[in-house]
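Source file: target00.txt. Holds: compact mmCIF, N, CA and C atoms.
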```txt
# COMPACT_ATOMS: atom_id res chain seq x y z
N MET A 267 85.20 93.44 87.34
CA MET A 267 85.91 93.76 88.56
C MET A 267 86.45 95.18 88.50
N MET A 268 86.23 95.93 89.59
CA MET A 268 86.74 97.30 89.66
C MET A 268 88.26 97.31 89.63
N SER A 269 88.88 96.27 90.17
CA SER A 269 90.34 96.23 90.23
C SER A 269 90.97 96.13 88.84
N GLU A 270 90.19 95.76 87.83
CA GLU A 270 90.71 95.72 86.47
C GLU A 270 90.60 97.08 85.79
N GLN A 271 89.75 97.94 86.32
CA GLN A 271 89.52 99.26 85.75
C GLN A 271 90.30 100.37 86.44
N TYR A 272 90.65 100.15 87.72
CA TYR A 272 91.28 101.19 88.54
C TYR A 272 92.54 100.67 89.20
N GLY A 273 93.58 101.48 89.15
CA GLY A 273 94.81 101.19 89.87
C GLY A 273 95.12 102.36 90.80
N ILE A 274 96.05 102.13 91.70
CA ILE A 274 96.45 103.15 92.67
C ILE A 274 97.93 103.47 92.49
N LEU A 275 98.24 104.76 92.39
CA LEU A 275 99.60 105.25 92.29
C LEU A 275 99.91 106.09 93.52
N LEU A 276 100.96 105.73 94.23
CA LEU A 276 101.36 106.43 95.45
C LEU A 276 102.64 107.21 95.17
N VAL A 277 102.64 108.51 95.47
CA VAL A 277 103.82 109.34 95.24
C VAL A 277 104.21 110.01 96.55
N SER A 278 105.43 109.73 96.98
CA SER A 278 105.94 110.29 98.23
C SER A 278 107.33 110.87 98.02
N HIS A 279 107.73 111.74 98.93
CA HIS A 279 109.07 112.31 98.88
C HIS A 279 110.14 111.32 99.36
N VAL A 280 109.70 110.23 99.96
CA VAL A 280 110.62 109.23 100.49
C VAL A 280 110.20 107.86 99.96
N ALA A 281 111.12 107.19 99.30
CA ALA A 281 110.81 105.89 98.69
C ALA A 281 110.24 104.91 99.71
N GLU A 282 110.84 104.86 100.90
CA GLU A 282 110.40 103.90 101.90
C GLU A 282 108.97 104.16 102.36
N LEU A 283 108.58 105.42 102.39
CA LEU A 283 107.20 105.76 102.79
C LEU A 283 106.21 105.23 101.75
N ALA A 284 106.48 105.48 100.48
CA ALA A 284 105.61 105.00 99.41
C ALA A 284 105.56 103.48 99.39
N GLU A 285 106.72 102.84 99.53
CA GLU A 285 106.78 101.38 99.48
C GLU A 285 106.09 100.75 100.69
N GLY A 286 106.24 101.36 101.86
CA GLY A 286 105.57 100.86 103.05
C GLY A 286 104.07 100.95 102.95
N LEU A 287 103.58 102.06 102.39
CA LEU A 287 102.13 102.21 102.20
C LEU A 287 101.63 101.19 101.18
N ALA A 288 102.39 100.95 100.13
CA ALA A 288 102.00 99.94 99.14
C ALA A 288 101.88 98.57 99.79
N ARG A 289 102.81 98.24 100.67
CA ARG A 289 102.74 96.96 101.39
C ARG A 289 101.48 96.88 102.24
N LEU A 290 101.15 97.96 102.91
CA LEU A 290 99.94 98.01 103.74
C LEU A 290 98.70 97.79 102.88
N LEU A 291 98.63 98.46 101.73
CA LEU A 291 97.46 98.34 100.85
C LEU A 291 97.30 96.92 100.32
N LYS A 292 98.41 96.25 100.05
CA LYS A 292 98.34 94.88 99.54
C LYS A 292 97.73 93.92 100.56
N GLN A 293 97.77 94.28 101.84
CA GLN A 293 97.17 93.45 102.87
C GLN A 293 95.65 93.41 102.74
N VAL A 294 95.05 94.51 102.27
CA VAL A 294 93.58 94.57 102.15
C VAL A 294 93.11 94.48 100.71
N ALA A 295 94.03 94.58 99.76
CA ALA A 295 93.62 94.65 98.36
C ALA A 295 94.60 93.90 97.47
N LYS A 296 94.62 92.59 97.61
CA LYS A 296 95.59 91.79 96.86
C LYS A 296 95.37 91.82 95.35
N ASP A 297 94.14 92.15 94.91
CA ASP A 297 93.85 92.15 93.48
C ASP A 297 93.98 93.52 92.82
N VAL A 298 94.30 94.53 93.60
CA VAL A 298 94.39 95.91 93.08
C VAL A 298 95.85 96.22 92.76
N THR A 299 96.10 96.77 91.57
CA THR A 299 97.45 97.20 91.22
C THR A 299 97.79 98.45 92.02
N VAL A 300 98.91 98.38 92.73
CA VAL A 300 99.40 99.51 93.52
C VAL A 300 100.85 99.74 93.13
N LYS A 301 101.16 100.95 92.65
CA LYS A 301 102.53 101.31 92.30
C LYS A 301 102.99 102.38 93.27
N ALA A 302 104.20 102.23 93.77
CA ALA A 302 104.78 103.19 94.71
C ALA A 302 105.96 103.89 94.06
N VAL A 303 105.97 105.21 94.17
CA VAL A 303 107.07 106.02 93.64
C VAL A 303 107.50 106.97 94.75
N GLY A 304 108.79 106.97 95.04
CA GLY A 304 109.26 107.88 96.07
C GLY A 304 110.69 108.28 95.87
N GLY A 305 110.98 109.47 96.31
CA GLY A 305 112.34 109.98 96.26
C GLY A 305 112.69 110.63 94.94
N ALA A 306 113.76 111.39 94.99
CA ALA A 306 114.26 112.09 93.80
C ALA A 306 115.08 111.13 92.95
N GLU A 307 115.50 111.60 91.79
CA GLU A 307 116.30 110.79 90.86
C GLU A 307 117.56 110.25 91.52
N ASP A 308 118.17 111.03 92.40
CA ASP A 308 119.43 110.62 93.03
C ASP A 308 119.22 109.79 94.29
N GLY A 309 117.96 109.44 94.56
CA GLY A 309 117.66 108.63 95.73
C GLY A 309 117.41 109.45 96.99
N GLY A 310 117.60 110.75 96.90
CA GLY A 310 117.36 111.62 98.04
C GLY A 310 115.89 111.91 98.21
N ILE A 311 115.60 112.80 99.15
CA ILE A 311 114.23 113.18 99.42
C ILE A 311 113.74 114.13 98.33
N GLY A 312 112.56 113.85 97.80
CA GLY A 312 111.98 114.67 96.73
C GLY A 312 111.10 113.81 95.86
N THR A 313 110.65 114.38 94.76
CA THR A 313 109.86 113.61 93.80
C THR A 313 110.43 113.82 92.40
N SER A 314 110.09 112.91 91.52
CA SER A 314 110.66 112.92 90.17
C SER A 314 109.57 112.73 89.13
N PHE A 315 109.47 113.67 88.22
CA PHE A 315 108.54 113.58 87.10
C PHE A 315 108.79 112.28 86.32
N ASP A 316 110.06 111.98 86.05
CA ASP A 316 110.40 110.80 85.26
C ASP A 316 110.00 109.51 85.97
N LYS A 317 110.20 109.45 87.28
CA LYS A 317 109.84 108.25 88.03
C LYS A 317 108.32 108.08 88.09
N VAL A 318 107.59 109.18 88.24
CA VAL A 318 106.12 109.11 88.25
C VAL A 318 105.62 108.66 86.89
N THR A 319 106.18 109.22 85.82
CA THR A 319 105.79 108.84 84.46
C THR A 319 106.06 107.35 84.21
N ALA A 320 107.23 106.88 84.61
CA ALA A 320 107.59 105.48 84.40
C ALA A 320 106.63 104.55 85.15
N ALA A 321 106.30 104.90 86.38
CA ALA A 321 105.38 104.06 87.17
C ALA A 321 104.00 104.03 86.52
N LEU A 322 103.52 105.16 86.08
CA LEU A 322 102.21 105.22 85.42
C LEU A 322 102.21 104.36 84.15
N ASN A 323 103.29 104.43 83.40
CA ASN A 323 103.38 103.67 82.15
C ASN A 323 103.44 102.17 82.38
N GLU A 324 103.83 101.74 83.58
CA GLU A 324 103.87 100.31 83.90
C GLU A 324 102.50 99.76 84.27
N MET A 325 101.54 100.65 84.50
CA MET A 325 100.20 100.23 84.93
C MET A 325 99.31 100.02 83.72
N SER A 326 98.48 98.98 83.75
CA SER A 326 97.64 98.67 82.60
C SER A 326 96.20 99.18 82.73
N GLU A 327 95.79 99.55 83.94
CA GLU A 327 94.41 99.99 84.16
C GLU A 327 94.16 101.34 83.47
N PRO A 328 92.96 101.53 82.91
CA PRO A 328 92.67 102.80 82.22
C PRO A 328 92.47 103.98 83.19
N ASN A 329 92.12 103.70 84.43
CA ASN A 329 91.86 104.75 85.42
C ASN A 329 92.81 104.58 86.59
N ILE A 330 93.53 105.65 86.90
CA ILE A 330 94.51 105.60 87.98
C ILE A 330 94.14 106.65 89.03
N LEU A 331 94.03 106.20 90.28
CA LEU A 331 93.80 107.10 91.40
C LEU A 331 95.15 107.35 92.05
N ALA A 332 95.58 108.60 92.06
CA ALA A 332 96.91 108.94 92.56
C ALA A 332 96.80 109.65 93.91
N PHE A 333 97.64 109.22 94.84
CA PHE A 333 97.71 109.81 96.17
C PHE A 333 99.13 110.31 96.38
N TYR A 334 99.27 111.41 97.08
CA TYR A 334 100.58 112.03 97.26
C TYR A 334 100.72 112.55 98.68
N ASP A 335 101.97 112.79 99.10
CA ASP A 335 102.18 113.25 100.47
C ASP A 335 102.28 114.77 100.59
N LEU A 336 102.97 115.43 99.69
CA LEU A 336 103.17 116.88 99.80
C LEU A 336 103.02 117.56 98.45
N GLY A 337 102.99 118.88 98.48
CA GLY A 337 102.67 119.70 97.31
C GLY A 337 103.48 119.44 96.06
N SER A 338 104.80 119.28 96.16
CA SER A 338 105.57 119.10 94.92
C SER A 338 105.30 117.74 94.29
N ALA A 339 104.88 116.76 95.10
CA ALA A 339 104.45 115.48 94.53
C ALA A 339 103.19 115.70 93.70
N LYS A 340 102.30 116.53 94.21
CA LYS A 340 101.08 116.85 93.44
C LYS A 340 101.43 117.57 92.15
N MET A 341 102.40 118.48 92.22
CA MET A 341 102.81 119.20 91.00
C MET A 341 103.30 118.24 89.94
N ASN A 342 104.11 117.25 90.33
CA ASN A 342 104.59 116.26 89.36
C ASN A 342 103.44 115.44 88.81
N LEU A 343 102.48 115.08 89.65
CA LEU A 343 101.31 114.34 89.17
C LEU A 343 100.52 115.18 88.17
N GLU A 344 100.37 116.48 88.45
CA GLU A 344 99.64 117.35 87.52
C GLU A 344 100.34 117.44 86.18
N LEU A 345 101.68 117.54 86.20
CA LEU A 345 102.44 117.58 84.94
C LEU A 345 102.28 116.28 84.16
N VAL A 346 102.36 115.17 84.87
CA VAL A 346 102.21 113.87 84.22
C VAL A 346 100.80 113.74 83.64
N SER A 347 99.80 114.20 84.37
CA SER A 347 98.41 114.07 83.91
C SER A 347 98.17 114.83 82.61
N GLU A 348 98.92 115.91 82.39
CA GLU A 348 98.79 116.68 81.16
C GLU A 348 99.41 115.97 79.96
N MET A 349 100.26 114.99 80.22
CA MET A 349 101.00 114.34 79.14
C MET A 349 100.59 112.90 78.92
N THR A 350 99.46 112.50 79.48
CA THR A 350 99.02 111.12 79.29
C THR A 350 97.57 111.11 78.82
N GLU A 351 97.24 110.06 78.10
CA GLU A 351 95.86 109.86 77.65
C GLU A 351 95.04 109.19 78.73
N ARG A 352 95.72 108.65 79.74
CA ARG A 352 95.05 107.91 80.80
C ARG A 352 94.19 108.85 81.65
N ASN A 353 93.23 108.27 82.32
CA ASN A 353 92.40 109.02 83.27
C ASN A 353 93.12 108.98 84.62
N LEU A 354 93.87 110.02 84.93
CA LEU A 354 94.64 110.10 86.16
C LEU A 354 93.91 111.05 87.11
N LEU A 355 93.33 110.48 88.16
CA LEU A 355 92.60 111.27 89.14
C LEU A 355 93.50 111.52 90.34
N ILE A 356 93.87 112.77 90.53
CA ILE A 356 94.73 113.14 91.65
C ILE A 356 93.84 113.39 92.86
N CYS A 357 94.04 112.60 93.89
CA CYS A 357 93.18 112.64 95.08
C CYS A 357 93.84 113.47 96.18
N ASP A 358 93.16 114.50 96.61
CA ASP A 358 93.67 115.39 97.65
C ASP A 358 93.30 114.88 99.04
N ALA A 359 93.24 113.59 99.19
CA ALA A 359 92.87 112.98 100.47
C ALA A 359 94.13 112.75 101.31
N ALA A 360 93.91 112.52 102.59
CA ALA A 360 95.01 112.14 103.47
C ALA A 360 95.72 110.94 102.83
N PHE A 361 97.04 111.00 102.77
CA PHE A 361 97.84 110.03 102.00
C PHE A 361 97.55 108.59 102.40
N VAL A 362 97.74 108.26 103.65
CA VAL A 362 97.58 106.87 104.10
C VAL A 362 96.11 106.47 104.12
N GLU A 363 95.29 107.27 104.78
CA GLU A 363 93.88 106.91 104.95
C GLU A 363 93.13 106.87 103.62
N GLY A 364 93.41 107.84 102.75
CA GLY A 364 92.74 107.88 101.45
C GLY A 364 93.09 106.70 100.57
N ALA A 365 94.38 106.40 100.50
CA ALA A 365 94.81 105.27 99.68
C ALA A 365 94.30 103.95 100.24
N TYR A 366 94.33 103.81 101.55
CA TYR A 366 93.87 102.58 102.20
C TYR A 366 92.38 102.36 101.94
N LEU A 367 91.59 103.39 102.16
CA LEU A 367 90.14 103.31 101.93
C LEU A 367 89.86 102.92 100.47
N THR A 368 90.53 103.59 99.55
CA THR A 368 90.32 103.32 98.13
C THR A 368 90.68 101.89 97.77
N ALA A 369 91.81 101.42 98.25
CA ALA A 369 92.24 100.04 97.96
C ALA A 369 91.22 99.03 98.49
N ALA A 370 90.78 99.24 99.73
CA ALA A 370 89.81 98.31 100.32
C ALA A 370 88.50 98.30 99.55
N LEU A 371 88.05 99.47 99.14
CA LEU A 371 86.77 99.55 98.42
C LEU A 371 86.90 98.99 97.01
N LEU A 372 88.02 99.20 96.35
CA LEU A 372 88.23 98.59 95.03
C LEU A 372 88.25 97.07 95.14
N GLN A 373 88.92 96.57 96.17
CA GLN A 373 88.98 95.12 96.38
C GLN A 373 87.57 94.56 96.59
N ALA A 374 86.71 95.33 97.26
CA ALA A 374 85.34 94.89 97.54
C ALA A 374 84.40 95.12 96.35
N ASP A 375 84.98 95.59 95.22
CA ASP A 375 84.20 95.83 94.00
C ASP A 375 83.12 96.90 94.19
N THR A 376 83.44 97.91 94.98
CA THR A 376 82.52 99.02 95.24
C THR A 376 82.43 99.91 94.00
N PRO A 377 81.23 100.35 93.61
CA PRO A 377 81.11 101.26 92.46
C PRO A 377 81.93 102.54 92.67
N PHE A 378 82.50 103.04 91.58
CA PHE A 378 83.41 104.18 91.68
C PHE A 378 82.76 105.40 92.34
N GLU A 379 81.51 105.68 92.02
CA GLU A 379 80.86 106.85 92.63
C GLU A 379 80.80 106.74 94.14
N LYS A 380 80.60 105.54 94.66
CA LYS A 380 80.59 105.33 96.12
C LYS A 380 81.99 105.55 96.69
N ILE A 381 83.00 105.09 95.97
CA ILE A 381 84.38 105.30 96.41
C ILE A 381 84.66 106.80 96.47
N ARG A 382 84.28 107.49 95.42
CA ARG A 382 84.51 108.94 95.35
C ARG A 382 83.82 109.67 96.50
N GLU A 383 82.59 109.29 96.81
CA GLU A 383 81.86 109.91 97.92
C GLU A 383 82.58 109.73 99.23
N GLN A 384 83.01 108.49 99.51
CA GLN A 384 83.68 108.23 100.78
C GLN A 384 85.05 108.90 100.84
N LEU A 385 85.71 108.98 99.71
CA LEU A 385 87.02 109.62 99.65
C LEU A 385 86.93 111.11 99.95
N GLN A 386 85.85 111.75 99.51
CA GLN A 386 85.68 113.19 99.74
C GLN A 386 85.78 113.54 101.22
N GLU A 387 85.33 112.62 102.07
CA GLU A 387 85.36 112.88 103.51
C GLU A 387 86.78 112.92 104.05
N LEU A 388 87.72 112.39 103.30
CA LEU A 388 89.12 112.37 103.73
C LEU A 388 89.96 113.45 103.04
N TYR A 389 89.32 114.32 102.26
CA TYR A 389 90.07 115.38 101.59
C TYR A 389 90.49 116.42 102.62
N VAL A 390 91.78 116.68 102.65
CA VAL A 390 92.33 117.60 103.65
C VAL A 390 93.25 118.66 103.03
N LYS A 391 93.57 118.50 101.76
CA LYS A 391 94.57 119.39 101.17
C LYS A 391 93.92 120.45 100.29
```
If you took the structure in this file and wrote it as structure tokens, what would it be?
Amino acid sequence: MMSEQYGILLVSHVAELAEGLARLLKQVAKDVTVKAVGGAEDGGIGTSFDKVTAALNEMSEPNILAFYDLGSAKMNLELVSEMTERNLLICDAAFVEGAYLTAALLQADTPFEKIREQLQELYVK
């Protein structure tokens, strides 16, 4: 199962945005691990290296597809990717559409190369 090999990590500047998207993804991909990280350490708007690292460490899949909303979220993902042995693929796709497509395709056990091809069409950043 692809869902055992790949998980999805969502990083947003607002906790509620990340959590809401995670809820949406669970509707189409109940077997896919989806972790949502949002907001700064103090609960305000922003992103946190420590929170992203903690979420990644809670995931058991060897390959993680990460989606983000804005540039500083990507910067934190890039920093985390340098400090982990995991295969963390940062996806520059539209946040909602990219994550949703990926979750649905993982749930359908679509081969990774096919997922990557379809995801490329949603790259906007």
> Which residue gives the smallest distance to A:Leu287 among A:Tyr366, A:Ser338, A:Gly305, A:Ile330, with all atoms listed in the file counted?
Replying inline: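 Going through A:Tyr366, A:Ser338, A:Gly305, A:Ile330 one by one, the smallest distance to A:Leu287 is for A:Tyr366.
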>> According to DSSP computed on the backbone, where in stretch 273-390 of chain A is there alpha helix (DSSP H)? Give the residues as a ChimeraX atom specification.
In response: /A:281-294,315-324,337-348,361-373,378-386
> Nearest to A:Ala284: which of A:Leu355, A:Pro377, A:Thr319, A:Lys301 is it, counting all atoms listed in the file?
Replying inline: A:Lys301
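Going from atom N of A:Lys317 to atom CA of A:Val277 covers 10.2 Å.
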> In Å, with one decimal, what is the gap from atom CA of A:Asp335 to atom CA of A:Ala295?
Replying inline: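 One can read the atom CA of A:Asp335 to atom CA of A:Ala295 distance as 20.6 Å.
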>> Residues within 10 Å of (95.7, 100.8, 81.1), file coordinates, counting only C-alpha atoms: what are they? Give the list as a list of chain:residue names.
In response: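 Result, sorted by chain then residue number: A:Glu270, A:Gln271, A:Tyr272, A:Gly273, A:Leu322, A:Asn323, A:Glu324, A:Met325, A:Ser326, A:Glu327, A:Pro328, A:Asn329, A:Ile330, A:Glu351, A:Arg352, A:Asn353.
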>> Need to verify the contact set: A:Asp297, 12 Å, only C-alpha atoms, exclusion of same-chain residues closer than 3 positions in sequence. Can you return it as a PyMOL selection string?
In response: chain A and resi 267-274+291-294+300+369-375
>> Based on the backbone DSSP call, show me all residues of stretch 310-361 of chain A assigned strand (DSSP E), as a list in words.
In response: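 Filtering stretch 310-361 of chain A to strand (DSSP E) leaves Asn329, Ile330, Leu331, Ala332, Phe333, Tyr334, Asn353, Leu354, Leu355, Ile356 and Cys357 of chain A.
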> Please, which residues are within 6 Å of (97.0, 109.9, 94.4) by the file's coordinates, counting only N, CA and C atoms, and could they come as number ranges by chain?
Replying inline: A: 275-277, 331-334, 355-357
>> Would you compute the distance between atom N of A:Ala302 and atom C of A:Gln386? Give it in Å to one decimal.
In response: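 For atom N of A:Ala302 relative to atom C of A:Gln386, the distance reads 22.9 Å.
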>> Set the distance at 6.5 Å and use all atoms listed in the file: which residues neighbour A:Tyr389 once local chain neighbours fewer than 5 positions away are removed? I'd like the list as a PyMOL selection string.
In response: chain A and resi 358-360
>> I'd like to know which of A:Ala321, A:Leu385, A:Val303, A:Ala339 is closest to A:Leu283, using only N, CA and C atoms.
In response: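 Nearest to A:Leu283: A:Val303.
Of the residues under consideration (A:Thr376, A:Thr368, A:Gly304, A:Asn342), A:Gly304 shows the shortest atom-to-atom contact distance to A:Glu285 when counting only C-alpha atoms.
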>> Applying 8 Å and all atoms listed in the file, which residues near A:Gln384 remain after dropping the ones on its own chain fewer than 6 positions away? List them as a ChimeraX atom specification.
In response: /A:364,367-368,378
Add whatever atoms are absent from stretch 358-370 of chain A to reach N, CA, C and O atoms, and provide the output as a short mmCIF file (atom, residue, chain, number, x, y, z; two decimals), in the frame of the given file.
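Generated file (result.cif):
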```
data_model
loop_
_atom_site.label_atom_id
_atom_site.label_comp_id
_atom_site.auth_asym_id
_atom_site.auth_seq_id
_atom_site.Cartn_x
_atom_site.Cartn_y
_atom_site.Cartn_z
N ASP A 358 93.16 114.50 96.61
CA ASP A 358 93.67 115.39 97.65
C ASP A 358 93.30 114.88 99.04
O ASP A 358 93.09 115.66 99.96
N ALA A 359 93.24 113.59 99.19
CA ALA A 359 92.87 112.98 100.47
C ALA A 359 94.13 112.75 101.31
O ALA A 359 95.25 112.75 100.80
N ALA A 360 93.91 112.52 102.59
CA ALA A 360 95.01 112.14 103.47
C ALA A 360 95.72 110.94 102.83
O ALA A 360 95.06 109.99 102.38
N PHE A 361 97.04 111.00 102.77
CA PHE A 361 97.84 110.03 102.00
C PHE A 361 97.55 108.59 102.40
O PHE A 361 97.12 107.78 101.57
N VAL A 362 97.74 108.26 103.65
CA VAL A 362 97.58 106.87 104.10
C VAL A 362 96.11 106.47 104.12
O VAL A 362 95.72 105.47 103.53
N GLU A 363 95.29 107.27 104.78
CA GLU A 363 93.88 106.91 104.95
C GLU A 363 93.13 106.87 103.62
O GLU A 363 92.33 105.98 103.37
N GLY A 364 93.41 107.84 102.75
CA GLY A 364 92.74 107.88 101.45
C GLY A 364 93.09 106.70 100.57
O GLY A 364 92.22 106.07 99.97
N ALA A 365 94.38 106.40 100.50
CA ALA A 365 94.81 105.27 99.68
C ALA A 365 94.30 103.95 100.24
O ALA A 365 93.87 103.07 99.49
N TYR A 366 94.33 103.81 101.55
CA TYR A 366 93.87 102.58 102.20
C TYR A 366 92.38 102.36 101.94
O TYR A 366 91.96 101.26 101.55
N LEU A 367 91.59 103.39 102.16
CA LEU A 367 90.14 103.31 101.93
C LEU A 367 89.86 102.92 100.47
O LEU A 367 89.06 102.02 100.20
N THR A 368 90.53 103.59 99.55
CA THR A 368 90.32 103.32 98.13
C THR A 368 90.68 101.89 97.77
O THR A 368 89.94 101.21 97.07
N ALA A 369 91.81 101.42 98.25
CA ALA A 369 92.24 100.04 97.96
C ALA A 369 91.22 99.03 98.49
O ALA A 369 90.83 98.10 97.78
N ALA A 370 90.78 99.24 99.73
CA ALA A 370 89.81 98.31 100.32
C ALA A 370 88.50 98.30 99.55
O ALA A 370 87.92 97.23 99.31
#
```
